[in-house]
Amino acid sequence: MSPGEYDGAAVIPFNVLLPNVYGSSAAITYITHDKTYLYLATVFDRKSPYHPHDRIGYMFDNDNDGTQENGDDGLMSFAIGTPNVAYPVADFYQYNNGLANAGDTSDGGTNDVLSSFGVAGTTNVYETRHELDSKDDLHDFSIALSTAPTTIGVKLIVQLEADPIGSAWYVPTYAPTAATFCKLSISRKTTSITC
């Protein structure tokens, strides 16, 4: 993250549960936008070396009705690849009454997400970019700034893998909770959130 990059961004502070014996750590997610993209950045101290299977998900409630349902958008960012290099990552949608997800491209859609991961010591940074108004209306939220403000729901899922690498044992954290969403309001020039 560059200095000033997220000045004025909406902020979700939360505590992330850490694997092994490390307890929890203060975390923060920043959300902002420009004319084309929604940007999300999550930062926390893992207090131990990162695992390439660590991941952060952003689940959206496209119609802001408080219910996860068919067609709602989702993104997943991983601690994989070369640090500080953007890669296409998981762009998915909900089906089966919001109980399951599938990749947008598995159903004729497009992947409209880039993400990068960085680490300084044990501090982890995940940055993700998603189009505000992609052409993939069946799988993505569509926010046209010309009709702003628009409010959608968002919740975070952080899954950190316990030692050893490859254990497939994860410590999950939800923000605000597994069953509720924050309300993300996107205006032409600002982004705000209430949880």
# chains A, B, ... in the order shown; residues from 1 in each chain; ligands from 1
$ residues_around --residues "A:Thr151" --least-positions-apart "6" --cutoff "7 Å" --atoms "only C-alpha atoms" --output "mmCIF file with C-alpha atoms, in the first residue's frame"
data_model
loop_
_atom_site.group_PDB
_atom_site.id
_atom_site.type_symbol
_atom_site.label_atom_id
_atom_site.label_comp_id
_atom_site.auth_asym_id
_atom_site.auth_seq_id
_atom_site.Cartn_x
_atom_site.Cartn_y
_atom_site.Cartn_z
ATOM 1 C CA ASN A 64 -28.690 -5.074 0.339
ATOM 2 C CA LYS A 183 -23.778 -1.663 4.524
ATOM 3 C CA LEU A 184 -21.397 -0.254 1.914
ATOM 4 C CA SER A 185 -22.596 3.004 0.323
ATOM 5 C CA ILE A 186 -20.914 4.130 -2.865
#
$ closest_residue --among "A:Thr36, A:Asn111, A:Ser116, A:Ser134" --to "A:Ser77" --atoms "only C-alpha atoms"
A:Ser116
$ select_by_dssp --residues "chain A" --states "strand (DSSP E)" --output "ChimeraX atom specification"
/A:10-17,24-33,37-45,55-61,73-78,87-88,90-95,100-103,113-120,123-131,150-161,170-175,182-186,191-194
$ closest_residue --among "A:Phe92, A:Ala162, A:Pro172, A:Thr177" --to "A:Asp136" --atoms "only C-alpha atoms"
A:Phe92
$ residues_around --residues "stretch 48-55 of chain A" --least-positions-apart "3" --cutoff "10 Å" --atoms "only C-alpha atoms" --output "ChimeraX atom specification"
/A:18-22,45,76-81,117-119,121-124,126,157-168,170-172
$ residues_around --residues "A:Leu40" --least-positions-apart "5" --cutoff "6 Å" --atoms "only C-alpha atoms" --output "list in words"
Tyr30, Ile31, Glu127 and Thr128 of chain A
$ closest_residue --among "A:Leu75, A:Leu99, A:Val43, A:Leu17" --to "A:Arg129" --atoms "only C-alpha atoms"
A:Leu75
$ atom_distance --atom1 "atom CA of A:His130" --atom2 "atom CA of A:Asp112"
5.9 Å
$ select_by_dssp --residues "stretch 93-181 of chain A" --states "helix (DSSP H, G or I)" --output "list in words"
Asp104, Thr105, Ser106, Asp107, Leu145, Ser146 and Thr147 of chain A
$ closest_residue --among "A:Ile12, A:Ile152, A:Ile56, A:Ala41" --to "A:Thr173" --atoms "only C-alpha atoms"
A:Ile56
$ atom_distance --atom1 "atom CA of A:Gly23" --atom2 "atom CA of A:Gln68"
29.4 Å
$ closest_residue --among "A:Ser25, A:Thr191, A:Ser146, A:Thr180" --to "A:Asp65" --atoms "only C-alpha atoms"
A:Thr180
